[in-house]
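S.K.: Structure: final-v6.pdb, PDB, C-alpha atoms, pLDDT in the B column.
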```
ATOM      1  CA  MET A1152       0.000   0.000   0.000  1.00 88.00           C
ATOM      2  CA  PRO A1153       1.402   3.435  -0.859  1.00 89.00           C
ATOM      3  CA  SER A1154       2.239   6.074   1.749  1.00 90.00           C
ATOM      4  CA  TYR A1155       0.920   9.608   1.335  1.00 91.00           C
ATOM      5  CA  ASP A1156       2.215  12.848   2.839  1.00 89.00           C
ATOM      6  CA  PHE A1157      -0.323  15.507   3.695  1.00 92.00           C
ATOM      7  CA  ALA A1158      -1.168  18.177   6.226  1.00 93.00           C
ATOM      8  CA  LEU A1159      -4.452  19.114   7.822  1.00 95.00           C
ATOM      9  CA  VAL A1160      -5.552  22.490   9.192  1.00 94.00           C
ATOM     10  CA  LEU A1161      -7.473  22.013  12.428  1.00 95.00           C
ATOM     11  CA  SER A1162     -10.061  24.169  14.168  1.00 93.00           C
ATOM     12  CA  ARG A1163      -7.657  24.402  17.105  1.00 90.00           C
ATOM     13  CA  PRO A1164      -4.446  22.862  18.411  1.00 91.00           C
ATOM     14  CA  LEU A1165      -4.694  19.810  20.639  1.00 89.00           C
ATOM     15  CA  TYR A1166      -4.261  19.865  24.405  1.00 86.00           C
ATOM     16  CA  GLU A1167      -1.548  17.700  25.904  1.00 87.00           C
ATOM     17  CA  ASP A1168      -4.112  15.344  27.457  1.00 88.00           C
ATOM     18  CA  GLU A1169      -5.535  14.676  23.977  1.00 89.00           C
ATOM     19  CA  LEU A1170      -2.224  13.329  22.683  1.00 92.00           C
ATOM     20  CA  ASP A1171      -2.458   9.865  24.253  1.00 93.00           C
ATOM     21  CA  PRO A1172      -5.782   9.007  22.592  1.00 92.00           C
ATOM     22  CA  LEU A1173      -4.425  10.251  19.259  1.00 92.00           C
ATOM     23  CA  PHE A1174      -1.206   8.275  19.700  1.00 93.00           C
ATOM     24  CA  ASP A1175      -3.199   5.144  20.566  1.00 93.00           C
ATOM     25  CA  ARG A1176      -5.286   5.518  17.408  1.00 93.00           C
ATOM     26  CA  THR A1177      -2.458   6.463  15.019  1.00 93.00           C
ATOM     27  CA  HIS A1178       0.569   4.760  16.615  1.00 92.00           C
ATOM     28  CA  GLY A1179       2.419   8.079  16.594  1.00 90.00           C
ATOM     29  CA  HIS A1180       2.213   8.599  12.823  1.00 92.00           C
ATOM     30  CA  VAL A1181       0.419  11.948  13.121  1.00 92.00           C
ATOM     31  CA  THR A1182       2.230  15.041  14.389  1.00 89.00           C
ATOM     32  CA  VAL A1183       0.062  17.855  15.720  1.00 90.00           C
ATOM     33  CA  SER A1184       0.419  21.325  17.181  1.00 84.00           C
ATOM     34  CA  ILE A1185      -0.309  21.371  20.911  1.00 82.00           C
ATOM     35  CA  ILE A1186      -1.206  23.963  23.526  1.00 76.00           C
ATOM     36  CA  SER A1187      -1.149  24.054  27.292  1.00 71.00           C
ATOM     37  CA  GLU A1188      -3.084  27.315  27.809  1.00 72.00           C
ATOM     38  CA  PRO A1189      -6.818  27.515  27.009  1.00 71.00           C
ATOM     39  CA  HIS A1190      -6.492  31.045  25.575  1.00 69.00           C
ATOM     40  CA  HIS A1191      -4.348  29.614  22.756  1.00 65.00           C
ATOM     41  CA  ALA A1192      -7.244  27.389  21.630  1.00 66.00           C
ATOM     42  CA  GLU A1193      -8.626  30.207  19.470  1.00 77.00           C
ATOM     43  CA  ARG A1194      -5.912  29.829  16.836  1.00 82.00           C
ATOM     44  CA  PRO A1195      -5.908  27.090  14.189  1.00 88.00           C
ATOM     45  CA  GLY A1196      -3.929  23.934  14.738  1.00 88.00           C
ATOM     46  CA  ASN A1197      -2.220  21.647  12.281  1.00 90.00           C
ATOM     47  CA  ALA A1198      -1.454  18.002  11.776  1.00 92.00           C
ATOM     48  CA  THR A1199       1.045  16.400   9.424  1.00 90.00           C
ATOM     49  CA  CYS A1200       1.596  12.784   8.618  1.00 91.00           C
ATOM     50  CA  THR A1201       2.681  10.092   6.246  1.00 89.00           C
ATOM     51  CA  TRP A1202      -0.208   7.644   6.120  1.00 94.00           C
ATOM     52  CA  GLN A1203      -0.731   4.437   4.193  1.00 94.00           C
ATOM     53  CA  GLY A1204      -3.875   3.756   2.252  1.00 93.00           C
ATOM     54  CA  PRO A1205      -5.127   2.340  -1.019  1.00 93.00           C
ATOM     55  CA  THR A1206      -5.745   5.932  -2.168  1.00 93.00           C
ATOM     56  CA  LEU A1207      -4.882   9.402  -0.949  1.00 95.00           C
ATOM     57  CA  ALA A1208      -8.579  10.057  -0.261  1.00 96.00           C
ATOM     58  CA  THR A1209      -8.825   6.991   1.979  1.00 96.00           C
ATOM     59  CA  ALA A1210      -5.637   7.959   3.837  1.00 96.00           C
ATOM     60  CA  ILE A1211      -6.888  11.508   4.440  1.00 97.00           C
ATOM     61  CA  MET A1212     -10.333  10.379   5.587  1.00 97.00           C
ATOM     62  CA  ASP A1213      -8.760   7.831   7.974  1.00 97.00           C
ATOM     63  CA  VAL A1214      -6.647  10.512   9.631  1.00 97.00           C
ATOM     64  CA  ILE A1215      -9.579  12.949   9.811  1.00 97.00           C
ATOM     65  CA  ALA A1216     -11.621  10.289  11.629  1.00 96.00           C
ATOM     66  CA  HIS A1217      -8.771   9.532  14.046  1.00 95.00           C
ATOM     67  CA  LEU A1218      -8.141  13.192  14.840  1.00 95.00           C
ATOM     68  CA  GLU A1219     -11.765  14.088  15.405  1.00 95.00           C
ATOM     69  CA  ALA A1220     -12.413  10.973  17.516  1.00 94.00           C
ATOM     70  CA  SER A1221      -9.317  11.665  19.647  1.00 92.00           C
ATOM     71  CA  ALA A1222     -10.169  15.246  20.597  1.00 90.00           C
ATOM     72  CA  PRO A1223     -13.769  16.229  21.346  1.00 88.00           C
ATOM     73  CA  GLY A1224     -14.770  19.461  19.633  1.00 91.00           C
ATOM     74  CA  LEU A1225     -11.843  19.351  17.212  1.00 93.00           C
ATOM     75  CA  HIS A1226     -12.706  19.638  13.514  1.00 95.00           C
ATOM     76  CA  VAL A1227     -10.514  19.316  10.467  1.00 97.00           C
ATOM     77  CA  GLU A1228     -11.036  22.413   8.341  1.00 97.00           C
ATOM     78  CA  ARG A1229      -8.782  21.874   5.329  1.00 96.00           C
ATOM     79  CA  VAL A1230      -6.346  19.426   3.759  1.00 96.00           C
ATOM     80  CA  GLU A1231      -3.079  20.259   2.002  1.00 93.00           C
ATOM     81  CA  ALA A1232      -1.826  17.331  -0.077  1.00 91.00           C
ATOM     82  CA  ASP A1233       1.118  19.054  -1.801  1.00 89.00           C
ATOM     83  CA  PRO A1234       3.651  19.058   1.034  1.00 84.00           C
ATOM     84  CA  LEU A1235       6.211  21.671   1.944  1.00 87.00           C
ATOM     85  CA  LEU A1236       9.683  20.156   2.121  1.00 90.00           C
ATOM     86  CA  THR A1237      13.077  20.946   3.578  1.00 92.00           C
ATOM     87  CA  ILE A1238      16.282  20.619   1.571  1.00 95.00           C
ATOM     88  CA  ARG A1239      16.836  17.195   3.139  1.00 95.00           C
ATOM     89  CA  ASP A1240      13.316  16.079   2.234  1.00 92.00           C
ATOM     90  CA  ILE A1241      13.865  17.222  -1.353  1.00 95.00           C
ATOM     91  CA  ALA A1242      17.197  15.421  -1.538  1.00 97.00           C
ATOM     92  CA  GLU A1243      15.604  12.189  -0.342  1.00 95.00           C
ATOM     93  CA  ARG A1244      12.743  12.425  -2.845  1.00 93.00           C
ATOM     94  CA  VAL A1245      14.931  13.246  -5.852  1.00 95.00           C
ATOM     95  CA  GLY A1246      17.717  10.808  -4.943  1.00 96.00           C
ATOM     96  CA  ARG A1247      20.455  13.412  -4.584  1.00 96.00           C
ATOM     97  CA  SER A1248      22.559  14.756  -1.777  1.00 97.00           C
ATOM     98  CA  ALA A1249      21.478  17.772   0.248  1.00 96.00           C
ATOM     99  CA  ASP A1250      24.523  19.619  -1.128  1.00 97.00           C
ATOM    100  CA  SER A1251      23.399  18.894  -4.692  1.00 97.00           C
ATOM    101  CA  VAL A1252      19.982  20.369  -3.893  1.00 97.00           C
ATOM    102  CA  ARG A1253      21.589  23.439  -2.259  1.00 96.00           C
ATOM    103  CA  LEU A1254      23.633  23.985  -5.416  1.00 96.00           C
ATOM    104  CA  ALA A1255      20.490  23.713  -7.548  1.00 96.00           C
ATOM    105  CA  ILE A1256      18.742  26.273  -5.317  1.00 96.00           C
ATOM    106  CA  THR A1257      21.585  28.767  -5.691  1.00 94.00           C
ATOM    107  CA  GLY A1258      21.815  28.168  -9.442  1.00 94.00           C
ATOM    108  CA  ALA A1259      25.319  26.684  -9.299  1.00 93.00           C
ATOM    109  CA  ARG A1260      23.975  23.371 -10.618  1.00 91.00           C
ATOM    110  CA  GLY A1261      21.198  22.554 -13.040  1.00 88.00           C
ATOM    111  CA  ALA A1262      19.316  24.714 -15.494  1.00 88.00           C
ATOM    112  CA  GLY A1263      18.735  27.568 -13.033  1.00 92.00           C
ATOM    113  CA  GLY A1264      15.376  28.925 -11.993  1.00 95.00           C
ATOM    114  CA  PHE A1265      14.875  26.627  -9.010  1.00 97.00           C
ATOM    115  CA  PRO A1266      11.466  27.383  -7.471  1.00 96.00           C
ATOM    116  CA  ALA A1267      11.379  29.993  -4.741  1.00 95.00           C
ATOM    117  CA  SER A1268      10.737  28.771  -1.224  1.00 94.00           C
ATOM    118  CA  GLU A1269       7.124  28.991  -0.100  1.00 92.00           C
ATOM    119  CA  LEU A1270       7.847  29.630   3.549  1.00 84.00           C
ATOM    120  CA  SER A1271      10.745  30.801   5.632  1.00 84.00           C
ATOM    121  CA  SER A1272      10.676  30.516   9.393  1.00 74.00           C
ATOM    122  CA  ALA A1273      13.473  30.686  11.951  1.00 76.00           C
ATOM    123  CA  GLY A1274      16.096  30.429   9.207  1.00 80.00           C
ATOM    124  CA  HIS A1275      14.511  27.363   7.634  1.00 86.00           C
ATOM    125  CA  ARG A1276      13.015  27.453   4.174  1.00 92.00           C
ATOM    126  CA  LEU A1277      10.365  25.140   2.776  1.00 92.00           C
ATOM    127  CA  TRP A1278       9.568  24.384  -0.868  1.00 94.00           C
ATOM    128  CA  ARG A1279       6.330  23.139  -2.448  1.00 93.00           C
ATOM    129  CA  TRP A1280       6.908  19.594  -3.703  1.00 94.00           C
ATOM    130  CA  SER A1281       4.872  20.021  -6.903  1.00 94.00           C
ATOM    131  CA  LYS A1282       7.088  22.920  -8.015  1.00 96.00           C
ATOM    132  CA  VAL A1283      10.316  21.109  -7.121  1.00 97.00           C
ATOM    133  CA  ALA A1284       9.195  17.900  -8.853  1.00 96.00           C
ATOM    134  CA  ALA A1285       8.391  19.910 -11.995  1.00 95.00           C
ATOM    135  CA  TRP A1286      11.813  21.583 -11.879  1.00 96.00           C
ATOM    136  CA  TYR A1287      13.514  18.176 -11.651  1.00 96.00           C
ATOM    137  CA  ASP A1288      11.140  16.927 -14.391  1.00 95.00           C
ATOM    138  CA  LEU A1289       9.815  14.169 -12.137  1.00 95.00           C
ATOM    139  CA  ASP A1290       6.425  12.597 -12.700  1.00 92.00           C
ATOM    140  CA  ASP A1291       5.041  11.844  -9.250  1.00 89.00           C
ATOM    141  CA  PRO A1292       1.761   9.923  -9.541  1.00 85.00           C
ATOM    142  CA  GLN A1293       0.810  11.016  -6.034  1.00 85.00           C
ATOM    143  CA  LEU A1294       0.876  14.650  -7.162  1.00 89.00           C
ATOM    144  CA  ARG A1295      -1.561  13.858  -9.981  1.00 88.00           C
ATOM    145  CA  GLU A1296      -3.852  12.378  -7.341  1.00 90.00           C
ATOM    146  CA  ALA A1297      -3.256  15.194  -4.825  1.00 92.00           C
ATOM    147  CA  TRP A1298      -4.871  18.158  -6.577  1.00 90.00           C
ATOM    148  CA  PRO A1299      -8.330  16.706  -7.331  1.00 93.00           C
ATOM    149  CA  THR A1300      -8.414  14.788  -4.056  1.00 95.00           C
ATOM    150  CA  ALA A1301      -7.546  17.778  -1.885  1.00 95.00           C
ATOM    151  CA  ARG A1302     -10.004  19.966  -3.778  1.00 95.00           C
ATOM    152  CA  ALA A1303     -12.863  17.459  -3.400  1.00 96.00           C
ATOM    153  CA  ILE A1304     -12.181  16.765   0.281  1.00 97.00           C
ATOM    154  CA  ASN A1305     -11.865  20.485   1.032  1.00 97.00           C
ATOM    155  CA  GLY A1306     -15.264  20.989  -0.610  1.00 97.00           C
ATOM    156  CA  TRP A1307     -16.691  18.171   1.492  1.00 97.00           C
ATOM    157  CA  LEU A1308     -15.182  19.656   4.676  1.00 97.00           C
ATOM    158  CA  ALA A1309     -16.734  23.045   3.860  1.00 97.00           C
ATOM    159  CA  LEU A1310     -20.128  21.477   3.138  1.00 97.00           C
ATOM    160  CA  ARG A1311     -19.927  19.423   6.327  1.00 96.00           C
ATOM    161  CA  ASP A1312     -19.184  22.610   8.279  1.00 95.00           C
ATOM    162  CA  VAL A1313     -21.963  24.704   6.739  1.00 96.00           C
ATOM    163  CA  VAL A1314     -24.721  22.117   6.114  1.00 95.00           C
ATOM    164  CA  PRO A1315     -23.783  18.960   8.025  1.00 92.00           C
ATOM    165  CA  ASP A1316     -27.103  17.217   7.369  1.00 94.00           C
ATOM    166  CA  VAL A1317     -26.535  17.280   3.602  1.00 94.00           C
ATOM    167  CA  ALA A1318     -22.844  16.346   3.511  1.00 94.00           C
ATOM    168  CA  PRO A1319     -22.309  12.798   2.235  1.00 95.00           C
ATOM    169  CA  ALA A1320     -20.568  10.162   4.319  1.00 95.00           C
ATOM    170  CA  PRO A1321     -16.756  10.033   3.998  1.00 95.00           C
ATOM    171  CA  GLU A1322     -17.028   6.682   2.194  1.00 95.00           C
ATOM    172  CA  ALA A1323     -19.129   8.296  -0.532  1.00 95.00           C
ATOM    173  CA  ILE A1324     -16.357  10.822  -1.148  1.00 95.00           C
ATOM    174  CA  THR A1325     -13.587   8.198  -1.243  1.00 95.00           C
ATOM    175  CA  ASN A1326     -15.655   5.978  -3.559  1.00 94.00           C
ATOM    176  CA  ALA A1327     -16.412   8.856  -5.913  1.00 93.00           C
ATOM    177  CA  LEU A1328     -12.759   9.902  -6.010  1.00 93.00           C
ATOM    178  CA  SER A1329     -11.621   6.313  -6.583  1.00 89.00           C
ATOM    179  CA  ALA A1330     -13.827   6.199  -9.654  1.00 87.00           C
ATOM    180  CA  VAL A1331     -12.301   9.306 -11.260  1.00 85.00           C
ATOM    181  CA  VAL A1332      -8.743   9.624  -9.913  1.00 82.00           C
ATOM    182  CA  ALA A1333      -6.409   7.107 -11.517  1.00 63.00           C
TER     183      ALA A1333
END
```
Written as structure tokens, how would this file's structure read?

M.R.:
Amino acid sequence: MPSYDFALVLSRPLYEDELDPLFDRTHGHVTVSIISEPHHAERPGNATCTWQGPTLATAIMDVIAHLEASAPGLHVERVEADPLLTIRDIAERVGRSADSVRLAITGARGAGGFPASELSSAGHRLWRWSKVAAWYDLDDPQLREAWPTARAINGWLALRDVVPDVAPAPEAITNALSAVVA
């Protein structure tokens, strides 16, 4: 079964006492933002993971169910299936050394025009995998699956939030996506 990388935006971070139930359900394969002070619960939280499943949609829906069952009142608001990567992550995915990737970023190696980083925090930069894969001319089948899957699940999450009685069951979404996403 393939492994999929994705991130989820949560309605709030998790409290420390909610970590054990999540760990028990996911065996530690989901990393989440945590808080210890109730006044921090007003900001969004996040979860990242590498999860196995027959499809990306199934993997995402599994993690959504685990997160929401582990923390009462927590809701997943959005999925991001095109991960942000460090230089080391990029090197691992493209089969090169971190130094080779650094040289590509600076333009000292390769055709030039390496994609700009998407995020920079505390001296660390992150790049969008889809842009890096395109620069290296890599065909990643998971990326072809990521865009329509994330878009459909984000639509479902929005519908579930606004009109929960009309939103289809998660299985209906995964079945529909399985029929159209190759």

S.K.: A:Ala1267, A:Ala1242, A:Leu1236, A:Ala1208: which is nearest Trp1307 of chain A, counting all atoms listed in the file?

M.R.: A:Ala1208

S.K.: How would you write, as number ranges by chain, the residues chosen by the PyMOL selection byres ((chain A and resi 1209) around 10) on this structure?

M.R.: A: 1202-1208, 1210-1215, 1300, 1321-1322, 1324-1326, 1328-1329

S.K.: Got time to write the residues from that selection, C-alpha atoms, as a tab-separated table (two decimals), in the frame of the given file?

M.R.:
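out-v3.tsv written:
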```tsv
chain	number	residue	atom	x	y	z
A	1202	TRP	CA	-0.21	7.64	6.12
A	1203	GLN	CA	-0.73	4.44	4.19
A	1204	GLY	CA	-3.88	3.76	2.25
A	1205	PRO	CA	-5.13	2.34	-1.02
A	1206	THR	CA	-5.74	5.93	-2.17
A	1207	LEU	CA	-4.88	9.40	-0.95
A	1208	ALA	CA	-8.58	10.06	-0.26
A	1210	ALA	CA	-5.64	7.96	3.84
A	1211	ILE	CA	-6.89	11.51	4.44
A	1212	MET	CA	-10.33	10.38	5.59
A	1213	ASP	CA	-8.76	7.83	7.97
A	1214	VAL	CA	-6.65	10.51	9.63
A	1215	ILE	CA	-9.58	12.95	9.81
A	1300	THR	CA	-8.41	14.79	-4.06
A	1321	PRO	CA	-16.76	10.03	4.00
A	1322	GLU	CA	-17.03	6.68	2.19
A	1324	ILE	CA	-16.36	10.82	-1.15
A	1325	THR	CA	-13.59	8.20	-1.24
A	1326	ASN	CA	-15.66	5.98	-3.56
A	1328	LEU	CA	-12.76	9.90	-6.01
A	1329	SER	CA	-11.62	6.31	-6.58
```

S.K.: Have a look at A:Lys1282, A:Ser1268, A:Asp1233, A:Glu1193 and name the one nearest to Arg1302 of chain A; count only C-alpha atoms.

M.R.: A:Asp1233

S.K.: Once the PyMOL selection byres ((chain A and resi 1157) around 6) has been evaluated on this model, what residues remain selected, and can you format them as a PDB file with C-alpha atoms, in the frame of the given file?

M.R.:
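Written output follows (result19.pdb):
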```
ATOM      1  CA  ASP A1156       2.215  12.848   2.839  1.00 89.00           C
ATOM      2  CA  ALA A1158      -1.168  18.177   6.226  1.00 93.00           C
ATOM      3  CA  THR A1199       1.045  16.400   9.424  1.00 90.00           C
ATOM      4  CA  CYS A1200       1.596  12.784   8.618  1.00 91.00           C
ATOM      5  CA  GLU A1231      -3.079  20.259   2.002  1.00 93.00           C
ATOM      6  CA  ALA A1232      -1.826  17.331  -0.077  1.00 91.00           C
ATOM      7  CA  PRO A1234       3.651  19.058   1.034  1.00 84.00           C
TER       8      PRO A1234
END
```

S.K.: Given 6 Å of margin on each side, can you work out the centre and size in Å (one decimal) of an axis-aligned box holding every listed atom of segment 1157-1173 of chain A, as AutoDock Vina command-line options?

M.R.:
```
--center_x -5.2 --center_y 16.7 --center_z 15.6 --size_x 21.7 --size_y 27.4 --size_z 35.8
```

S.K.: Please evaluate the PyMOL selection byres ((chain A and resi 1162) around 10) against the displayed coordinates and give the resulting residues as a ChimeraX atom specification.

M.R.: /A:1159-1161,1163-1165,1192-1197,1224-1229

S.K.: Rounded to one decimal place, report the atom CA of Glu1219 of chain A-atom CA of Tyr1155 of chain A distance in Å.

M.R.: 19.5 Å

S.K.: As a compact mmCIF listing (two decimals) with C-alpha atoms, keeping the file's coordinate frame, please: the residues near segment 1248-1255 of chain A (cut-off 10 Å, all atoms listed in the file, same-chain neighbours under 2 positions excluded).

M.R.:
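Done, and the output landed in part-v3.txt:
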```txt
# COMPACT_ATOMS: atom_id res chain seq x y z
CA THR A 1237 13.08 20.95 3.58
CA ILE A 1238 16.28 20.62 1.57
CA ARG A 1239 16.84 17.20 3.14
CA ASP A 1240 13.32 16.08 2.23
CA ILE A 1241 13.86 17.22 -1.35
CA ALA A 1242 17.20 15.42 -1.54
CA GLU A 1243 15.60 12.19 -0.34
CA VAL A 1245 14.93 13.25 -5.85
CA GLY A 1246 17.72 10.81 -4.94
CA THR A 1257 21.58 28.77 -5.69
CA GLY A 1258 21.82 28.17 -9.44
CA ALA A 1259 25.32 26.68 -9.30
CA ARG A 1260 23.98 23.37 -10.62
CA GLY A 1261 21.20 22.55 -13.04
CA ALA A 1262 19.32 24.71 -15.49
CA GLY A 1263 18.74 27.57 -13.03
CA GLY A 1264 15.38 28.92 -11.99
CA PHE A 1265 14.88 26.63 -9.01
CA PRO A 1266 11.47 27.38 -7.47
CA TRP A 1286 11.81 21.58 -11.88
CA TYR A 1287 13.51 18.18 -11.65
```

S.K.: Record the distance separating atom CA of Arg1311 of chain A and atom CA of Gly1179 of chain A, expressed in Å with one decimal.

M.R.: 27.1 Å

S.K.: With only C-alpha atoms as the basis for distance, which of A:Arg1244, A:Arg1276, A:Ser1271, A:Ala1198 is at the shortest distance from Asp1290 of chain A?

M.R.: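 The answer is A:Arg1244, which sits nearest to Asp1290 of chain A.
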
S.K.: Counting all atoms listed in the file, figure out which residue out of A:Val1331, A:Val1230, A:Val1283, A:Leu1277 gets nearest to Gly1306 of chain A.

M.R.: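 Using all atoms listed in the file, Gly1306 of chain A sits closest to A:Val1230.
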
S.K.: Could you check how far atom CA of Arg1295 of chain A sits from atom CA of Val1332 of chain A, in Å to one decimal?

M.R.: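 Separation of atom CA of Arg1295 of chain A and atom CA of Val1332 of chain A: 8.3 Å.
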